[in-house]
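Inspection log for the structure reproduced underneath, given as structure tokens.
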Number of protein chains: 2
Amino acid sequence: MATMKDVAREAGVSLSTVSYALNGTRPISTATRAKVERAAEKLGFRPNALARGLASAKSGVLALVLPPEGGFTATMAGFVRGARESAADEGFSLVIWPFAPDDHQRVHDLVHQRLADGVIVMEVYLDDQRIDALEESGVPFAMIGRTRELANRAWVDTDFAASVDEAVGLLADLGHTHVAFLSHSERSYQLQYGPSVRAVDGFADSTRRRAIVGQVVFAEDSAGDGRRALGAILDADPATTGIVAMNEFAAIGAVAELGRRHLSVPGDLSIIGVVTSPQVSLLTVPELTRLSIPAEEMGRAAVAELIDAMAAKPRRDRPRLFPCVYEPGGSMGPATTPPLTTTRKGTTC
Amino acid sequence: MATMKDVAREAGVSLSTVSYALNGTRPISTATRAKVERAAEKLGFRPNALARGLASAKSGVLALVLPPEGGFTATMAGFVRGARESAADEGFSLVIWPFAPDDHQRVHDLVHQRLADGVIVMEVYLDDQRIDALEESGVPFAMIGRTRELANRAWVDTDFAASVDEAVGLLADLGHTHVAFLSHSERSYQLQYGPSVRAVDGFADSTRRRAIVGQVVFAEDSAGDGRRALGAILDADPATTGIVAMNEFAAIGAVAELGRRHLSVPGDLSIIGVVTSPQVSLLTVPELTRLSIPAEEMGRAAVAELIDAMAAKPRRDRPRLFPCVYEPGGSMGPATTPPLTTTRKGTTC
DNA sequence: CGTGACTGTCGAAGCGTTTCGACGAAGCGT
DNA sequence: ACGCTTCGTCGAAACGCTTCGACAGTCACG
């Protein structure tokens with residue numbers, strides 16, 4: 001491994017000149033810079049990140065904290081891609097730290113060991129002690145998602161209310177008047193998981209404004225519970241012709257259950273996924289019509305917010321609330337009139 | 001941030017003594033060690049990882065290289081959990097680097113910048129230039145998966161042949177004589193993606209030995225193509241009563257298609273997943289009976305292999321080929337005799 | 001009681017960068 | 001032709017830790 005000293009000798013200049021030439025920290029004549037660059041190239045010089053970090057008190061690394069439990073969805077992969085790209089543009093490298101949500105101690109440690117200059121935190125709850133802890137210990141951070149209190153915190157988030165409202169609107173335009181919302185678990189709502197709360201509340205609001213008969217059904221993230229949930233929906237309101245599904249795993253079960261009941265999608269019932277990852281929609285037939293999270297864009301934005309926060313300069317004004325993107329599938333159609341209540345009754349029992 | 005100098009002053013000993021006391025690098029009297037530890041505790045001392053890394057020429061970090069495309073499955077999450085755990089036991093922290101498979105240049109750079117002492121690489125192909133490149137540039141690494149040539153490389157892998165054979169055996173024991181293998185895409189096979197090749201070849205071998213009529217069907221990783229594949233299977237051999245499914249996404253479609261054809265699982269057809277992640281089996285009803293990858297265990301083993309490789313000491317002897325673990329679901333039953341050829345014919349057209 | 005082998009501790013020299021202050025050499029206006 | 005900036009470069013001091021060599025004490029042994 002060649003060091004800067006080697007480069008300096010090779011180029012016939014001093015150590016500091018090499019540093020200035022390579023980083024552009026101070027003006028250097030074109031001739032000298034060329035010499036230095038040639039020498040560095042020739043020796044295959046790679047700056048030692050540790051030494052650089054030690055001297056400059058910054059590591060050039062941004063960390064994305066991700067709970068290692070329960071896999072990571074295509075959406076998260078999108079965040080990562082976007083964040084990595086944008087971090088690279090700004091001269092940072094992005095790493096992922098696999099920590100459980102409540103492991104803020106470890107995050108704190110690693111940051112204070114200078115293994116990262118700032119962190120991006122995902123899966124944020126409305127009231128999140130992790131965030132409080134990070135803030136208190138002075139770790140620069142940005143959230144994907146947001147806490148209830150936002151005072152000066154850096155964040156980006158999906159616009160759940162708008163997305164759910166758009167989904168309800170699309171169904172309404174097709175003549176649906178009885179619509180159900182297939183939510184994540186009731187537990188996630190009670191724990192004040194931001195997306196759950198905001199989407200459920202947004203749905204209630206949207207249906208009220210649009211004078212649509214709405215119901216919310218909670219389900220675990222599994223196909224099995226999706227089947228059960230579908231039964232619950234039809235039992236509660238047999239006139240239901242549209243489903244807005246945020247719980248994509250349950251949605252798969254719901255579609256399967258419709259098939260079992262000889263109800264067709266979208267002939268008898270329309271389903272639209274909201275805040276879903278594109279990949280999961282491939283797991284139903286027909287492919288789910290959906291409003292997907294603009295994950296890469298959000299990842300990029302999160303890095304921008306973080307960098308502004310680290311610089312402690314006032315944030316540049318840019319969007320941080322992202323509406324979902326409409327992606328057509330085959331699961332939406334006009335409402336059946338009159339609702340096939342009889343057929344359903346027949347198959348339900 | 002307190003430094004070691006502060007701790008030394010507080011404890012009334014020299015800098016080096018603090019280092020020895022905290023790291024156990026040299027014998028230190030119990031009294032002194034206690035003093036130092038108390039001082040460190042009182043000041044909330046955290047060693048600066050960069051300085052430590054710079055001085056000792058090791059960073060204390062292991063990196064898991066993971067392609068950020070296409071999400072990451074519950075299986076990968078398992079690798080990460082296991083690897084993290086075992087890394088922590090050995091005094092390393094584990095980070096994830098989101099790099100495309102062919103980005104070995106970046107891996108090389110980061111390692112030579114001393115941002116990690118070694119890397120674990122996943123998703124290895126039988127002939128993999130990435131691995132060649134890593135080896136050539138002297139980066140200590142271990143593979144989850146394995147190349148064709150293994151000369152002295154560190155690896156752990158799933159025992160595909162054994163797992164597929166076990167699945168075939170389970171079906172055979174239930175009386176199934178016509179069994180299909182639902183594989184990943186033909187492209188992955190042609191590109192010599194290790195798991196695809198080993199599983200397909202293993203299936204051919206197993207059916208031959210067991211005198212079972214076997215067929216291999218390739219499918220893309222989507223439910224839609226799984227439906228198509230199911231049709232292809234029944235067209236090619238209407239007597240098929242068992243399916244060994246390695247392609248879990250396609251398996252979901254296949255199950256759905258069976259439902260559409262009024263064929264029941266496991267009444268008419270049995271399906272067993274092999275080398276699957278537990279999570280996906282929740283996406284079918286009935287839940288898929290499966291042989292799952294012992295992901296956490298493999299993650300742990302990979303770290304052990306890597307650490308041996310870094311130390312350049314001969315590897316301790318331990319298993320590195322892991323059979324899958326049987327997890328009962330509801331998708332296996334005795335073979336129907338005689339096969340319901342007629343029913344099938346009726347619904348197929 | 002001297003000798004050698006440990007023990008426990010210290011001081012200092014790195015590790016490979018960044019960055020501050022200094023200092024000649026030009027270039028400018030007057 | 002004179003001082004005054006500005007430009008380009010250098011030397012040296014950090015950054016916070018590890019680790020080598022040295023050196024007093026201790027202890028057991030013959």
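Chains: A, B, ... in order of the structure tokens. Residues: from 1 per chain. Ligands: from 1, in order shown.
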Sort by chain and increasing residue number a table of all residues of chain C within 12 Å of chain A, each with its closest pair of atoms and their distance in Å to one decimal, counting only C-alpha atoms (C1' of nucleotides), and write it as a tab-separated table.
```
residue	atom	partner	partner_atom	distance
C:DC15	C1'	A:Ala51	CA	7.7
C:DG16	C1'	A:Ala51	CA	4.9
C:DT17	C1'	A:Arg52	CA	4.5
C:DT18	C1'	A:Ala55	CA	5.2
C:DT19	C1'	A:Ser56	CA	8.6
C:DC20	C1'	A:Ser16	CA	11.3
```
Using only N, CA and C atoms (P, O5', C5', C4', C3', O3' and C1' of nucleotides), please write the residues we just selected to a file, as a PDB file, in the first residue's frame.
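In the end it all went to result24.pdb:
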```
ATOM      1  P    DC C  15       5.390   4.237  10.681  1.00  0.00           P
ATOM      2  O5'  DC C  15       3.805   4.101  10.626  1.00  0.00           O
ATOM      3  C5'  DC C  15       3.144   2.942  11.077  1.00  0.00           C
ATOM      4  C4'  DC C  15       1.658   3.214  11.078  1.00  0.00           C
ATOM      5  C3'  DC C  15       1.239   4.188   9.965  1.00  0.00           C
ATOM      6  O3'  DC C  15       0.766   3.420   8.862  1.00  0.00           O
ATOM      7  C1'  DC C  15       0.210   4.720  12.091  1.00  0.00           C
ATOM      8  P    DG C  16       1.352   3.778   7.392  1.00  0.00           P
ATOM      9  O5'  DG C  16       0.382   4.953   6.925  1.00  0.00           O
ATOM     10  C5'  DG C  16      -1.002   4.683   6.864  1.00  0.00           C
ATOM     11  C4'  DG C  16      -1.755   5.984   6.690  1.00  0.00           C
ATOM     12  C3'  DG C  16      -1.254   6.836   5.516  1.00  0.00           C
ATOM     13  O3'  DG C  16      -2.383   7.335   4.859  1.00  0.00           O
ATOM     14  C1'  DG C  16      -1.243   8.100   7.493  1.00  0.00           C
ATOM     15  P    DT C  17      -2.314   8.027   3.455  1.00  0.00           P
ATOM     16  O5'  DT C  17      -3.430   9.158   3.619  1.00  0.00           O
ATOM     17  C5'  DT C  17      -3.057  10.437   4.082  1.00  0.00           C
ATOM     18  C4'  DT C  17      -4.109  10.906   5.029  1.00  0.00           C
ATOM     19  C3'  DT C  17      -4.405  12.373   4.845  1.00  0.00           C
ATOM     20  O3'  DT C  17      -5.708  12.534   4.342  1.00  0.00           O
ATOM     21  C1'  DT C  17      -3.685  11.887   7.093  1.00  0.00           C
ATOM     22  P    DT C  18      -6.023  13.962   3.688  1.00  0.00           P
ATOM     23  O5'  DT C  18      -6.127  14.919   4.974  1.00  0.00           O
ATOM     24  C5'  DT C  18      -7.252  14.835   5.817  1.00  0.00           C
ATOM     25  C4'  DT C  18      -7.126  15.864   6.913  1.00  0.00           C
ATOM     26  C3'  DT C  18      -7.283  17.311   6.452  1.00  0.00           C
ATOM     27  O3'  DT C  18      -8.061  17.967   7.421  1.00  0.00           O
ATOM     28  C1'  DT C  18      -5.226  17.050   7.575  1.00  0.00           C
ATOM     29  P    DT C  19      -8.794  19.351   7.073  1.00  0.00           P
ATOM     30  O5'  DT C  19      -7.841  20.426   7.762  1.00  0.00           O
ATOM     31  C5'  DT C  19      -7.446  20.202   9.098  1.00  0.00           C
ATOM     32  C4'  DT C  19      -6.386  21.214   9.492  1.00  0.00           C
ATOM     33  C3'  DT C  19      -6.467  22.552   8.736  1.00  0.00           C
ATOM     34  O3'  DT C  19      -6.124  23.564   9.653  1.00  0.00           O
ATOM     35  C1'  DT C  19      -4.340  21.669   8.496  1.00  0.00           C
ATOM     36  P    DC C  20      -6.784  25.001   9.533  1.00  0.00           P
ATOM     37  O5'  DC C  20      -5.893  25.841  10.557  1.00  0.00           O
ATOM     38  C5'  DC C  20      -5.324  25.173  11.700  1.00  0.00           C
ATOM     39  C4'  DC C  20      -3.919  25.701  11.955  1.00  0.00           C
ATOM     40  C3'  DC C  20      -3.739  27.154  11.521  1.00  0.00           C
ATOM     41  O3'  DC C  20      -3.082  27.886  12.536  1.00  0.00           O
ATOM     42  C1'  DC C  20      -2.112  25.778  10.488  1.00  0.00           C
TER      43       DC C  20
END
```
Check your understanding: What residues in chain B lie within 8 Å of chain A, counting only C-alpha atoms, written as a VMD selection string?
Key -> chain B and resid 1 46 to 51 53 to 54 68 to 78 80 to 81 84 94 to 98 109 112 to 115 222 to 224 249 252 to 253 256 259 to 260 282 to 285
Write a file of the just-selected residues containing C-alpha atoms, as a short mmCIF file (atom, residue, chain, number, x, y, z; two decimals), in the first residue's frame.
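Done, and the output landed in part-v4.cif:
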```cif
data_model
loop_
_atom_site.label_atom_id
_atom_site.label_comp_id
_atom_site.auth_asym_id
_atom_site.auth_seq_id
_atom_site.Cartn_x
_atom_site.Cartn_y
_atom_site.Cartn_z
CA MET B 1 -15.41 12.88 24.09
CA ARG B 46 -15.19 5.20 24.22
CA PRO B 47 -12.13 4.23 22.26
CA ASN B 48 -11.89 6.00 18.94
CA ALA B 49 -12.12 3.23 16.41
CA LEU B 50 -10.31 5.21 13.77
CA ALA B 51 -7.30 5.87 15.93
CA GLY B 53 -7.51 1.08 13.57
CA LEU B 54 -4.80 3.40 12.38
CA PRO B 68 -28.95 -3.88 -3.13
CA GLU B 69 -31.05 -4.93 -6.09
CA GLY B 70 -34.17 -6.96 -5.63
CA GLY B 71 -34.62 -6.80 -1.93
CA PHE B 72 -33.33 -9.20 0.52
CA THR B 73 -35.06 -12.24 1.65
CA ALA B 74 -35.69 -13.52 5.12
CA THR B 75 -32.89 -15.95 4.43
CA MET B 76 -30.42 -13.18 3.94
CA ALA B 77 -31.72 -11.55 7.10
CA GLY B 78 -30.91 -14.81 8.84
CA VAL B 80 -26.98 -11.28 8.78
CA ARG B 81 -28.30 -12.09 12.23
CA ARG B 84 -23.56 -10.30 13.43
CA LEU B 94 -20.57 -6.35 11.29
CA VAL B 95 -21.65 -3.91 8.65
CA ILE B 96 -23.38 -4.44 5.36
CA TRP B 97 -22.05 -2.98 2.16
CA PRO B 98 -24.67 -2.58 -0.51
CA ASP B 109 -11.01 0.06 -2.26
CA HIS B 112 -7.62 -1.16 1.40
CA GLN B 113 -8.84 1.98 3.02
CA ARG B 114 -8.98 -0.24 6.06
CA LEU B 115 -12.70 0.20 6.51
CA SER B 222 -42.95 -14.47 -9.96
CA ALA B 223 -46.36 -15.86 -9.15
CA GLY B 224 -47.47 -15.35 -12.72
CA PHE B 249 -42.17 -17.05 -5.66
CA ILE B 252 -47.00 -19.23 -4.61
CA GLY B 253 -48.36 -18.89 -8.12
CA ALA B 256 -52.88 -20.33 -6.56
CA GLY B 259 -56.79 -23.58 -6.50
CA ARG B 260 -58.09 -22.12 -9.73
CA LEU B 282 -46.69 -17.82 5.05
CA LEU B 283 -47.82 -16.58 1.68
CA THR B 284 -49.60 -19.74 0.66
CA VAL B 285 -52.60 -21.47 2.13
#
```
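Distance annotation: of D:DG11, D:DG3, D:DG25, D:DG30, the residue with the minimal separation from chain A is D:DG11; atom set is only C-alpha atoms (C1' of nucleotides).
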Exercise for review: Would you return as JSON, numbers by chain the members of segment 193-312 of chain A that DSSP assigns to helix (DSSP H, G or I) on this structure's backbone?
Suggested key: {"A": [194, 195, 196, 197, 198, 199, 200, 201, 202, 203, 204, 205, 206, 207, 208, 209, 223, 224, 225, 226, 227, 228, 229, 230, 231, 232, 233, 234, 235, 236, 248, 249, 250, 251, 252, 253, 254, 255, 256, 257, 258, 259, 260, 278, 279, 280, 281, 282, 283, 295, 296, 297, 298, 299, 300, 301, 302, 303, 304, 305, 306, 307, 308, 309, 310, 311]}
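Selected on chain D by distance to chain A: DT6, DC7, DG8, DT9, DC10, DG11, DA12, DA13, DA14, DC15, DG16 and DC17 of chain D (within 12 Å, counting only C-alpha atoms (C1' of nucleotides)).
The neighbours of segment 290-296 of chain A here are the residues that come within 8 Å of it, using only C-alpha atoms (C1' of nucleotides) and leaving out any residue fewer than 6 positions away in the same chain; they are A:Thr75, A:Met76, A:Gly78, A:Phe79, A:Val80, A:Arg81, A:Gly82, A:Ala83, A:Thr158, A:Ser163, A:Ala167, A:Ile272, A:Gly273, A:Val274, A:Val275, A:Thr276, A:Ser277, A:Pro278, A:Ser281, A:Phe322, A:Pro323, A:Cys324, A:Val325, A:Tyr326, A:Glu327, A:Pro328, A:Gly329.
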Review point. Hey, what does DSSP flag as strand (DSSP E) within segment 218-327 of chain B? Can you give it to me as an MDAnalysis selection string?
Key: chainID B and resid 218 242:245 270:276 289:292 321:322 325:327
Exercise for review: With a distance cut-off of 7 Å and only C-alpha atoms (C1' of nucleotides), select the neighbouring residues of segment 303-310 of chain B, excluding the residue or stretch itself and same-chain residues fewer than 6 positions from it, and output the selection as a list in words.
Suggested key: Ala83, Ser86, Ala87, Pro140, Phe141, Ala142, Ala154 and Trp155 of chain B
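Here atom CA of Val121 of chain A stands at a distance of 10.2 Å from atom CA of Val107 of chain A.
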Check your understanding: Near DT3 of chain C, counting only C-alpha atoms (C1' of nucleotides), which residues have an atom at most 12 Å away, once you skip same-chain residues fewer than 6 positions from it, shown as number ranges by chain?
Key -> D: 27-30
Selection to disk with N, CA and C atoms (P, O5', C5', C4', C3', O3' and C1' of nucleotides), as a JSON list (two decimals), in the first residue's frame:
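Written output follows (result00.json):
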```json
[["chain", "number", "residue", "atom", "x", "y", "z"],
["D", 27, "DC", "P", 7.34, -10.21, 46.59],
["D", 27, "DC", "O5'", 7.92, -11.55, 45.97],
["D", 27, "DC", "C5'", 7.44, -12.00, 44.70],
["D", 27, "DC", "C4'", 8.29, -13.17, 44.23],
["D", 27, "DC", "C3'", 8.72, -14.10, 45.37],
["D", 27, "DC", "O3'", 8.29, -15.42, 45.08],
["D", 27, "DC", "C1'", 10.56, -13.52, 43.97],
["D", 28, "DA", "P", 8.46, -16.55, 46.18],
["D", 28, "DA", "O5'", 9.46, -17.52, 45.42],
["D", 28, "DA", "C5'", 9.20, -17.85, 44.04],
["D", 28, "DA", "C4'", 10.40, -18.57, 43.47],
["D", 28, "DA", "C3'", 10.95, -19.70, 44.33],
["D", 28, "DA", "O3'", 11.32, -20.79, 43.49],
["D", 28, "DA", "C1'", 12.64, -18.09, 44.00],
["D", 29, "DC", "P", 11.62, -22.19, 44.08],
["D", 29, "DC", "O5'", 13.15, -22.39, 43.67],
["D", 29, "DC", "C5'", 13.60, -22.06, 42.36],
["D", 29, "DC", "C4'", 15.08, -21.82, 42.40],
["D", 29, "DC", "C3'", 15.85, -22.81, 43.28],
["D", 29, "DC", "O3'", 16.50, -23.77, 42.46],
["D", 29, "DC", "C1'", 16.63, -20.55, 43.53],
["D", 30, "DG", "P", 17.13, -24.99, 43.14],
["D", 30, "DG", "O5'", 18.66, -24.62, 43.21],
["D", 30, "DG", "C5'", 19.36, -24.27, 42.00],
["D", 30, "DG", "C4'", 20.64, -23.54, 42.36],
["D", 30, "DG", "C3'", 21.63, -24.40, 43.19],
["D", 30, "DG", "O3'", 22.94, -24.21, 42.69],
["D", 30, "DG", "C1'", 21.14, -22.39, 44.35]]
```
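Closest approach to Val139 of chain B from the set B:Val244, B:Ala312, B:Val7, B:Ala151 is made by B:Ala312, with distances taken over only C-alpha atoms.
From atom CA of Val213 of chain A back to atom CA of Leu191 of chain A, the distance works out to 26.5 Å.
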